[in-house]
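The data block below is coords.cif; it holds mmCIF, C-alpha atoms and all ligand atoms.
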```cif
data_protein
#
loop_
_atom_site.group_PDB
_atom_site.id
_atom_site.type_symbol
_atom_site.label_atom_id
_atom_site.label_comp_id
_atom_site.auth_asym_id
_atom_site.auth_seq_id
_atom_site.Cartn_x
_atom_site.Cartn_y
_atom_site.Cartn_z
ATOM 1 C CA MET A 1 138.529 164.129 103.020
ATOM 2 C CA ASN A 2 135.525 164.821 100.846
ATOM 3 C CA VAL A 3 136.708 166.000 97.429
ATOM 4 C CA GLY A 4 135.049 167.800 94.513
ATOM 5 C CA VAL A 5 136.820 167.477 91.167
ATOM 6 C CA THR A 6 136.622 169.661 88.057
ATOM 7 C CA GLY A 7 137.862 168.155 84.804
ATOM 8 C CA GLY A 8 136.938 164.714 86.154
ATOM 9 C CA ALA A 9 136.893 163.098 82.716
ATOM 10 C CA GLY A 10 140.402 164.315 81.831
ATOM 11 C CA ARG A 11 143.764 162.571 82.166
ATOM 12 C CA MET A 12 144.587 164.178 85.519
ATOM 13 C CA GLY A 13 141.037 164.599 86.845
ATOM 14 C CA SER A 14 140.270 160.902 86.350
ATOM 15 C CA THR A 15 143.578 159.965 87.989
ATOM 16 C CA VAL A 16 142.688 162.152 90.984
ATOM 17 C CA LEU A 17 139.357 160.304 91.234
ATOM 18 C CA ALA A 18 141.047 156.878 91.127
ATOM 19 C CA THR A 19 143.760 157.875 93.599
ATOM 20 C CA ALA A 20 141.334 159.515 96.026
ATOM 21 C CA LEU A 21 139.184 156.393 96.053
ATOM 22 C CA GLU A 22 142.261 154.198 96.664
ATOM 23 C CA ARG A 23 143.107 156.390 99.667
ATOM 24 C CA ASP A 24 139.578 156.102 101.049
ATOM 25 C CA ASP A 25 138.788 159.758 100.441
ATOM 26 C CA SER A 26 135.199 160.304 99.374
ATOM 27 C CA ILE A 27 134.173 161.974 96.144
ATOM 28 C CA ALA A 28 131.523 164.673 96.662
ATOM 29 C CA PHE A 29 131.083 165.088 92.901
ATOM 30 C CA ALA A 30 133.026 165.396 89.665
ATOM 31 C CA VAL A 31 132.214 167.680 86.742
ATOM 32 C CA ASP A 32 133.538 168.140 83.236
ATOM 33 C CA VAL A 33 132.619 170.379 80.324
ATOM 34 C CA ASP A 34 132.607 167.210 78.270
ATOM 35 C CA PRO A 35 130.854 164.711 80.577
ATOM 36 C CA ALA A 36 131.893 161.099 80.050
ATOM 37 C CA GLU A 37 129.210 158.752 78.761
ATOM 38 C CA ARG A 38 130.048 156.205 81.443
ATOM 39 C CA PRO A 39 131.081 156.748 85.074
ATOM 40 C CA VAL A 40 134.822 157.319 85.543
ATOM 41 C CA HIS A 41 136.186 154.910 88.189
ATOM 42 C CA GLY A 42 132.577 154.479 89.296
ATOM 43 C CA VAL A 43 131.973 158.248 89.630
ATOM 44 C CA GLU A 44 129.265 159.936 87.553
ATOM 45 C CA ILE A 45 130.624 162.976 85.732
ATOM 46 C CA GLU A 46 128.171 165.870 85.996
ATOM 47 C CA PRO A 47 127.932 168.793 83.561
ATOM 48 C CA ALA A 48 130.328 171.578 84.538
ATOM 49 C CA ASP A 49 127.616 174.259 84.458
ATOM 50 C CA GLN A 50 126.148 172.682 87.601
ATOM 51 C CA LEU A 51 129.265 173.398 89.668
ATOM 52 C CA THR A 52 127.738 176.199 91.778
ATOM 53 C CA ASP A 53 124.738 174.053 92.742
ATOM 54 C CA LEU A 54 126.906 170.985 93.433
ATOM 55 C CA LEU A 55 129.173 172.978 95.754
ATOM 56 C CA ALA A 56 126.164 174.300 97.664
ATOM 57 C CA GLU A 57 124.591 170.862 97.901
ATOM 58 C CA HIS A 58 127.643 168.723 98.790
ATOM 59 C CA ARG A 59 129.970 171.196 100.586
ATOM 60 C CA PRO A 60 133.236 169.317 99.787
ATOM 61 C CA ASP A 61 136.321 169.960 101.949
ATOM 62 C CA VAL A 62 138.226 171.001 98.835
ATOM 63 C CA LEU A 63 137.706 171.512 95.108
ATOM 64 C CA ILE A 64 140.530 170.032 92.993
ATOM 65 C CA ASP A 65 140.908 171.440 89.494
ATOM 66 C CA PHE A 66 142.881 170.151 86.504
ATOM 67 C CA THR A 67 141.092 171.762 83.538
ATOM 68 C CA GLY A 68 142.549 174.707 81.603
ATOM 69 C CA PRO A 69 143.643 178.250 82.539
ATOM 70 C CA SER A 70 140.385 180.129 81.826
ATOM 71 C CA SER A 71 138.095 177.530 83.421
ATOM 72 C CA SER A 72 140.415 177.149 86.432
ATOM 73 C CA VAL A 73 140.195 180.888 87.084
ATOM 74 C CA GLU A 74 136.413 180.811 86.729
ATOM 75 C CA TYR A 75 136.174 177.847 89.129
ATOM 76 C CA ALA A 76 138.479 179.523 91.656
ATOM 77 C CA GLN A 77 135.992 182.408 91.773
ATOM 78 C CA ILE A 78 133.042 180.013 92.152
ATOM 79 C CA ALA A 79 134.900 178.184 94.958
ATOM 80 C CA ALA A 80 135.624 181.528 96.654
ATOM 81 C CA ASP A 81 131.923 182.478 96.479
ATOM 82 C CA ALA A 82 131.068 179.105 98.052
ATOM 83 C CA SER A 83 133.876 179.396 100.687
ATOM 84 C CA VAL A 84 135.419 176.075 99.563
ATOM 85 C CA PRO A 85 139.264 175.698 99.522
ATOM 86 C CA PHE A 86 140.606 175.432 95.972
ATOM 87 C CA LEU A 87 143.594 173.380 94.774
ATOM 88 C CA VAL A 88 144.654 173.917 91.170
ATOM 89 C CA GLY A 89 147.107 171.884 89.122
ATOM 90 C CA THR A 90 146.407 173.496 85.761
ATOM 91 C CA THR A 91 149.401 175.121 84.028
ATOM 92 C CA GLY A 92 149.730 177.861 81.428
ATOM 93 C CA PHE A 93 148.212 180.824 83.332
ATOM 94 C CA ASP A 94 149.014 184.338 82.109
ATOM 95 C CA SER A 95 149.766 187.072 84.638
ATOM 96 C CA ASP A 96 146.160 188.368 84.725
ATOM 97 C CA GLN A 97 144.832 184.873 85.440
ATOM 98 C CA GLU A 98 147.462 184.353 88.097
ATOM 99 C CA ALA A 99 146.393 187.650 89.714
ATOM 100 C CA ILE A 100 142.776 186.428 89.917
ATOM 101 C CA LEU A 101 143.911 183.210 91.639
ATOM 102 C CA ARG A 102 145.830 185.321 94.176
ATOM 103 C CA GLU A 103 142.763 187.505 94.692
ATOM 104 C CA CYS A 104 140.652 184.436 95.460
ATOM 105 C CA GLY A 105 143.260 183.606 98.102
ATOM 106 C CA GLU A 106 142.041 186.656 100.034
ATOM 107 C CA SER A 107 138.816 184.834 100.956
ATOM 108 C CA ILE A 108 139.652 181.075 100.738
ATOM 109 C CA PRO A 109 142.807 178.927 100.884
ATOM 110 C CA VAL A 110 144.077 178.553 97.281
ATOM 111 C CA LEU A 111 147.000 176.285 96.413
ATOM 112 C CA ARG A 112 148.614 176.248 93.018
ATOM 113 C CA GLY A 113 151.108 173.626 91.868
ATOM 114 C CA ALA A 114 152.654 173.335 88.431
ATOM 115 C CA ASN A 115 153.914 169.876 89.380
ATOM 116 C CA PHE A 116 152.739 167.866 92.378
ATOM 117 C CA ALA A 117 155.531 165.271 92.177
ATOM 118 C CA ARG A 118 157.738 165.611 95.266
ATOM 119 C CA GLY A 119 160.728 164.409 93.230
ATOM 120 C CA VAL A 120 160.355 167.490 91.027
ATOM 121 C CA GLN A 121 160.697 169.732 94.071
ATOM 122 C CA ALA A 122 163.897 167.813 94.892
ATOM 123 C CA LEU A 123 165.068 168.286 91.279
ATOM 124 C CA ILE A 124 164.528 172.050 91.517
ATOM 125 C CA ASP A 125 166.517 172.221 94.764
ATOM 126 C CA ALA A 126 169.289 170.110 93.196
ATOM 127 C CA VAL A 127 169.428 172.431 90.149
ATOM 128 C CA GLN A 128 169.748 175.439 92.443
ATOM 129 C CA ALA A 129 172.560 173.777 94.431
ATOM 130 C CA ALA A 130 174.408 172.812 91.232
ATOM 131 C CA LEU A 131 174.159 176.328 89.825
ATOM 132 C CA GLU A 132 175.495 177.817 93.028
ATOM 133 C CA SER A 133 178.574 175.552 92.647
ATOM 134 C CA ILE A 134 179.092 176.021 88.908
ATOM 135 C CA PRO A 135 177.309 179.275 87.965
ATOM 136 C CA GLU A 136 179.342 179.826 84.797
ATOM 137 C CA TYR A 137 178.386 176.513 83.127
ATOM 138 C CA ASP A 138 176.038 176.503 80.140
ATOM 139 C CA VAL A 139 172.475 175.429 80.982
ATOM 140 C CA GLU A 140 169.956 173.724 78.700
ATOM 141 C CA LEU A 141 166.530 172.517 79.816
ATOM 142 C CA THR A 142 164.582 169.831 77.957
ATOM 143 C CA GLU A 143 161.045 168.792 78.849
ATOM 144 C CA THR A 144 159.161 165.901 77.250
ATOM 145 C CA HIS A 145 155.415 165.234 77.477
ATOM 146 C CA HIS A 146 152.630 163.293 75.772
ATOM 147 C CA ASN A 147 151.295 164.465 72.424
ATOM 148 C CA GLY A 148 148.093 165.899 73.979
ATOM 149 C CA LYS A 149 149.789 168.535 76.123
ATOM 150 C CA LEU A 150 148.656 172.063 75.223
ATOM 151 C CA ASP A 151 151.120 174.516 76.774
ATOM 152 C CA ALA A 152 154.832 174.762 76.060
ATOM 153 C CA PRO A 153 157.190 174.995 77.718
ATOM 154 C CA SER A 154 155.581 173.100 80.593
ATOM 155 C CA GLY A 155 154.586 174.876 83.805
ATOM 156 C CA THR A 156 157.282 172.882 85.578
ATOM 157 C CA ALA A 157 159.902 174.034 83.072
ATOM 158 C CA LYS A 158 158.924 177.657 83.790
ATOM 159 C CA VAL A 159 159.320 177.099 87.539
ATOM 160 C CA ILE A 160 162.767 175.540 86.943
ATOM 161 C CA LEU A 161 163.741 178.448 84.660
ATOM 162 C CA ASP A 162 162.733 180.991 87.321
ATOM 163 C CA ARG A 163 164.849 179.111 89.859
ATOM 164 C CA ILE A 164 167.792 179.121 87.414
ATOM 165 C CA ASP A 165 167.476 182.927 87.121
ATOM 166 C CA ASP A 166 167.372 183.272 90.917
ATOM 167 C CA ALA A 167 170.338 180.969 91.447
ATOM 168 C CA ARG A 168 172.542 182.759 88.900
ATOM 169 C CA ASP A 169 171.503 186.224 90.008
ATOM 170 C CA THR A 170 171.063 187.135 86.347
ATOM 171 C CA GLU A 171 168.206 186.747 83.945
ATOM 172 C CA GLY A 172 169.872 184.960 81.023
ATOM 173 C CA GLU A 173 167.962 185.036 77.760
ATOM 174 C CA ARG A 174 165.712 181.994 77.255
ATOM 175 C CA VAL A 175 166.174 180.595 73.752
ATOM 176 C CA HIS A 176 163.339 178.297 72.738
ATOM 177 C CA GLY A 177 164.815 175.736 70.361
ATOM 178 C CA ARG A 178 167.375 176.768 67.782
ATOM 179 C CA VAL A 179 167.209 176.845 64.044
ATOM 180 C CA GLY A 180 169.588 178.081 61.352
ATOM 181 C CA ASP A 181 172.608 180.210 62.163
ATOM 182 C CA GLN A 182 172.159 180.703 65.887
ATOM 183 C CA PRO A 183 175.380 180.475 67.914
ATOM 184 C CA ARG A 184 174.981 180.207 71.660
ATOM 185 C CA GLU A 185 175.296 183.483 73.559
ATOM 186 C CA ARG A 186 176.976 183.522 76.948
ATOM 187 C CA GLY A 187 174.453 183.162 79.768
ATOM 188 C CA GLU A 188 171.531 182.103 77.604
ATOM 189 C CA VAL A 189 169.391 179.136 78.650
ATOM 190 C CA GLY A 190 168.220 176.817 75.895
ATOM 191 C CA VAL A 191 164.671 175.523 76.348
ATOM 192 C CA HIS A 192 163.406 172.513 74.420
ATOM 193 C CA ALA A 193 159.869 171.076 74.477
ATOM 194 C CA ARG A 194 159.324 167.606 73.013
ATOM 195 C CA ARG A 195 155.824 166.148 72.513
ATOM 196 C CA ALA A 196 155.482 162.449 71.769
ATOM 197 C CA GLY A 197 153.298 159.450 72.492
ATOM 198 C CA ASP A 198 151.974 158.991 76.008
ATOM 199 C CA ILE A 199 155.008 160.174 77.987
ATOM 200 C CA THR A 200 153.736 161.365 81.388
ATOM 201 C CA GLY A 201 156.426 163.988 81.930
ATOM 202 C CA GLU A 202 160.220 164.327 81.952
ATOM 203 C CA HIS A 203 162.444 167.292 82.805
ATOM 204 C CA GLU A 204 166.199 167.347 82.277
ATOM 205 C CA VAL A 205 168.568 170.162 83.201
ATOM 206 C CA LEU A 206 171.972 169.851 81.531
ATOM 207 C CA LEU A 207 174.925 171.854 82.828
ATOM 208 C CA ALA A 208 178.115 171.794 80.798
ATOM 209 C CA GLY A 209 181.524 173.451 80.976
ATOM 210 C CA ASN A 210 185.175 172.784 81.680
ATOM 211 C CA ARG A 211 185.147 169.443 79.781
ATOM 212 C CA GLU A 212 182.405 167.956 81.955
ATOM 213 C CA THR A 213 178.620 167.657 81.972
ATOM 214 C CA LEU A 214 176.109 167.274 84.762
ATOM 215 C CA SER A 215 172.609 166.093 83.920
ATOM 216 C CA LEU A 216 169.753 166.227 86.438
ATOM 217 C CA THR A 217 166.589 164.428 85.327
ATOM 218 C CA HIS A 218 163.148 163.710 86.748
ATOM 219 C CA ARG A 219 160.794 161.224 85.117
ATOM 220 C CA ALA A 220 157.203 160.738 86.235
ATOM 221 C CA GLY A 221 156.303 157.073 85.855
ATOM 222 C CA SER A 222 152.569 157.605 86.210
ATOM 223 C CA ARG A 223 150.016 160.409 86.620
ATOM 224 C CA SER A 224 149.193 158.967 90.025
ATOM 225 C CA VAL A 225 152.439 160.594 91.245
ATOM 226 C CA PHE A 226 150.842 164.018 90.610
ATOM 227 C CA ALA A 227 147.466 162.930 92.013
ATOM 228 C CA GLU A 228 149.082 161.651 95.245
ATOM 229 C CA GLY A 229 150.945 164.931 95.675
ATOM 230 C CA ALA A 230 147.802 166.946 94.958
ATOM 231 C CA LEU A 231 145.765 164.984 97.509
ATOM 232 C CA ASP A 232 148.532 165.252 100.136
ATOM 233 C CA ALA A 233 148.598 169.002 99.500
ATOM 234 C CA ALA A 234 144.796 169.139 99.760
ATOM 235 C CA VAL A 235 144.950 167.519 103.219
ATOM 236 C CA TRP A 236 147.346 170.315 104.210
ATOM 237 C CA LEU A 237 145.307 173.043 102.483
ATOM 238 C CA VAL A 238 142.009 172.395 104.219
ATOM 239 C CA GLU A 239 143.659 173.212 107.567
ATOM 240 C CA GLN A 240 144.992 176.581 106.377
ATOM 241 C CA PRO A 241 143.515 180.064 106.674
ATOM 242 C CA ALA A 242 142.645 182.003 103.514
ATOM 243 C CA GLY A 243 145.770 182.687 101.466
ATOM 244 C CA PHE A 244 147.546 181.939 98.205
ATOM 245 C CA TYR A 245 149.978 179.034 98.565
ATOM 246 C CA ARG A 246 152.378 177.403 96.130
ATOM 247 C CA PHE A 247 153.129 173.676 96.264
ATOM 248 C CA ALA A 248 156.866 174.385 95.966
ATOM 249 C CA ASP A 249 156.727 176.347 99.238
ATOM 250 C CA ILE A 250 154.849 173.741 101.264
ATOM 251 C CA ALA A 251 155.985 170.401 99.754
ATOM 252 C CA ASP A 252 158.578 169.832 102.490
ATOM 253 C CA GLN A 253 155.806 170.004 105.112
ATOM 254 C CA LEU A 254 154.109 166.955 103.530
ATOM 255 C CA ALA A 255 156.931 164.465 104.124
HETATM 256 P P1 LIG B 1 143.056 166.796 79.770
HETATM 257 O O1 LIG B 1 142.751 167.542 78.519
HETATM 258 O O2 LIG B 1 143.191 165.309 79.698
HETATM 259 O O3 LIG B 1 141.941 167.095 80.878
HETATM 260 C C1 LIG B 1 141.346 168.345 81.056
HETATM 261 C C2 LIG B 1 139.864 168.067 81.318
HETATM 262 O O4 LIG B 1 139.267 169.310 81.649
HETATM 263 C C3 LIG B 1 139.148 167.514 80.082
HETATM 264 O O5 LIG B 1 138.361 166.388 80.428
HETATM 265 C C4 LIG B 1 138.269 168.673 79.621
HETATM 266 O O6 LIG B 1 137.049 168.254 79.032
HETATM 267 C C5 LIG B 1 138.035 169.373 80.961
HETATM 268 N N1 LIG B 1 137.640 170.772 80.812
HETATM 269 C C6 LIG B 1 138.092 171.691 79.943
HETATM 270 N N2 LIG B 1 137.438 172.862 80.115
HETATM 271 C C7 LIG B 1 136.567 172.648 81.130
HETATM 272 C C8 LIG B 1 135.615 173.459 81.754
HETATM 273 N N3 LIG B 1 135.376 174.712 81.384
HETATM 274 N N4 LIG B 1 134.894 172.918 82.773
HETATM 275 C C9 LIG B 1 135.071 171.635 83.174
HETATM 276 N N5 LIG B 1 135.955 170.820 82.589
HETATM 277 C C10 LIG B 1 136.706 171.313 81.584
HETATM 278 O O7 LIG B 1 144.370 167.469 80.372
HETATM 279 P P2 LIG B 1 145.323 166.894 81.530
HETATM 280 O O8 LIG B 1 146.475 166.172 80.932
HETATM 281 O O9 LIG B 1 144.493 166.248 82.579
HETATM 282 O O10 LIG B 1 145.924 168.271 82.101
HETATM 283 C C11 LIG B 1 145.088 169.262 82.671
HETATM 284 C C12 LIG B 1 145.957 170.382 83.209
HETATM 285 O O11 LIG B 1 146.749 169.876 84.286
HETATM 286 C C13 LIG B 1 146.960 170.935 82.192
HETATM 287 O O12 LIG B 1 147.076 172.330 82.394
HETATM 288 C C14 LIG B 1 148.247 170.228 82.541
HETATM 289 O O13 LIG B 1 149.404 170.952 82.163
HETATM 290 C C15 LIG B 1 148.115 170.172 84.042
HETATM 291 N N6 LIG B 1 148.916 169.141 84.717
HETATM 292 C C16 LIG B 1 149.395 169.476 85.930
HETATM 293 C C17 LIG B 1 150.090 168.545 86.670
HETATM 294 C C18 LIG B 1 150.571 168.932 88.045
HETATM 295 O O14 LIG B 1 151.201 168.103 88.731
HETATM 296 N N7 LIG B 1 150.271 170.144 88.490
HETATM 297 C C19 LIG B 1 150.312 167.268 86.165
HETATM 298 C C20 LIG B 1 149.795 166.948 84.915
HETATM 299 C C21 LIG B 1 149.084 167.892 84.200
#
```

Please express what this file holds, its structure, as structure tokens.
Amino acid sequence: MNVGVTGGAGRMGSTVLATALERDDSIAFAVDVDPAERPVHGVEIEPADQLTDLLAEHRPDVLIDFTGPSSSVEYAQIAADASVPFLVGTTGFDSDQEAILRECGESIPVLRGANFARGVQALIDAVQAALESIPEYDVELTETHHNGKLDAPSGTAKVILDRIDDARDTEGERVHGRVGDQPRERGEVGVHARRAGDITGEHEVLLAGNRETLSLTHRAGSRSVFAEGALDAAVWLVEQPAGFYRFADIADQLA
């Protein structure tokens, strides 16, 4: 696979470059709004405003984006204009931005994943199964990430919360942290976002009731877990017709 990368100097973009090279994929180009002074894993980082020209010149099989919500949406539109499949791992989109990504899926294959770790998909399925067995138990979700993460709660936490709503057939109120006199209401879901050090990413769903607790936890040991999943999904994506796809819906086809 021949891969173009946006955000190539960032934590995830640079990991995608390293992982792609380890897998013998080729790098068509990498861009960043803040180009690195030195090559990243041997790849020159080009200025992001050259993306349109680079796509036309190199025609990658797929453009992989880990930047930020507004730039990801802009790059999805540029990829659509260039007829290049677009895989996006950025989190924190609002509903208007999400709608633009879906619109781009009318002309090119677009795949969005809030978390490309396959273990996280297994965690989400396990949470759903647990809630179907013990729907009345209290639920608290805690996510922990490095101190540079911008959005909170994490995109993965939002996906898990949506699945909790679906599994319980109710939309319990989401309470983000608690402070002062704030007793727990029945059905509410506590959401806690911790930011510290260089932690790659952890998600824990705690279910408690009837004098017992069940804790389901996923820990990412390295960003290469996400990069591997993204590249596996890209291999799948380049074979698909135009459409808007979510990693959660196709992850089981990558096994
Ligand atoms: P980061 O800040 O380390 O990297 C982002 C990079 O994008 C930076 O180098 C920045 O300069 C660049 N950038 C910003 N605006 C740009 C623009 N307009 N054009 C080109 N480049 C631009 O952040 P990160 O930790 O790599 O995370 C990036 C995104 O990926 C976040 O939204 C994060 O939540 C998400 N993420 C997703 C997964 C997943 O599995 N889907 C995993 C980890 C992180």

| said: I'd like to see the residues matched by the PyMOL selection byres (((chain A and resi 231-242) around 7) and not hetatm) on this file, and ideally I'd get them as a PyMOL selection string. | reply: chain A and resi 61-62+85+87+105-109+227-230+243+254

| ligand LIG 1 (chain B): which residues are within 6 Å, counting all atoms listed in the file, as a list in words? |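 Checked against 6 Å with all atoms listed in the file; the hits are Thr6, Gly7, Ala9, Gly10, Arg11, Met12, Gly13, Asp32, Val33, Asp34, Ala48, Phe66, Thr67, Gly68, Ser71, Gly89, Thr90, Thr91, Gly113, Ala114, Asn115, Phe116 and Phe226 of chain A.
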
| field | Spatial neighbours of A:Thr142, 10 Å, all atoms listed in the file, chain gap at least 2 places, as a ChimeraX atom specification | value | /A:140,144,153-154,157,177,190-194,202-206,217

| task | Run the PyMOL selection byres (((chain A and resi 187) around 9) and not hetatm) on the file and write out the hits as number ranges by chain. | result | A: 136-139, 170-173, 184-186, 188-189

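Candidate residues A:Glu37, A:His58, A:Ile64, A:Ala28 were compared for distance to A:Val5, and the nearest is A:Ile64, using all atoms listed in the file.
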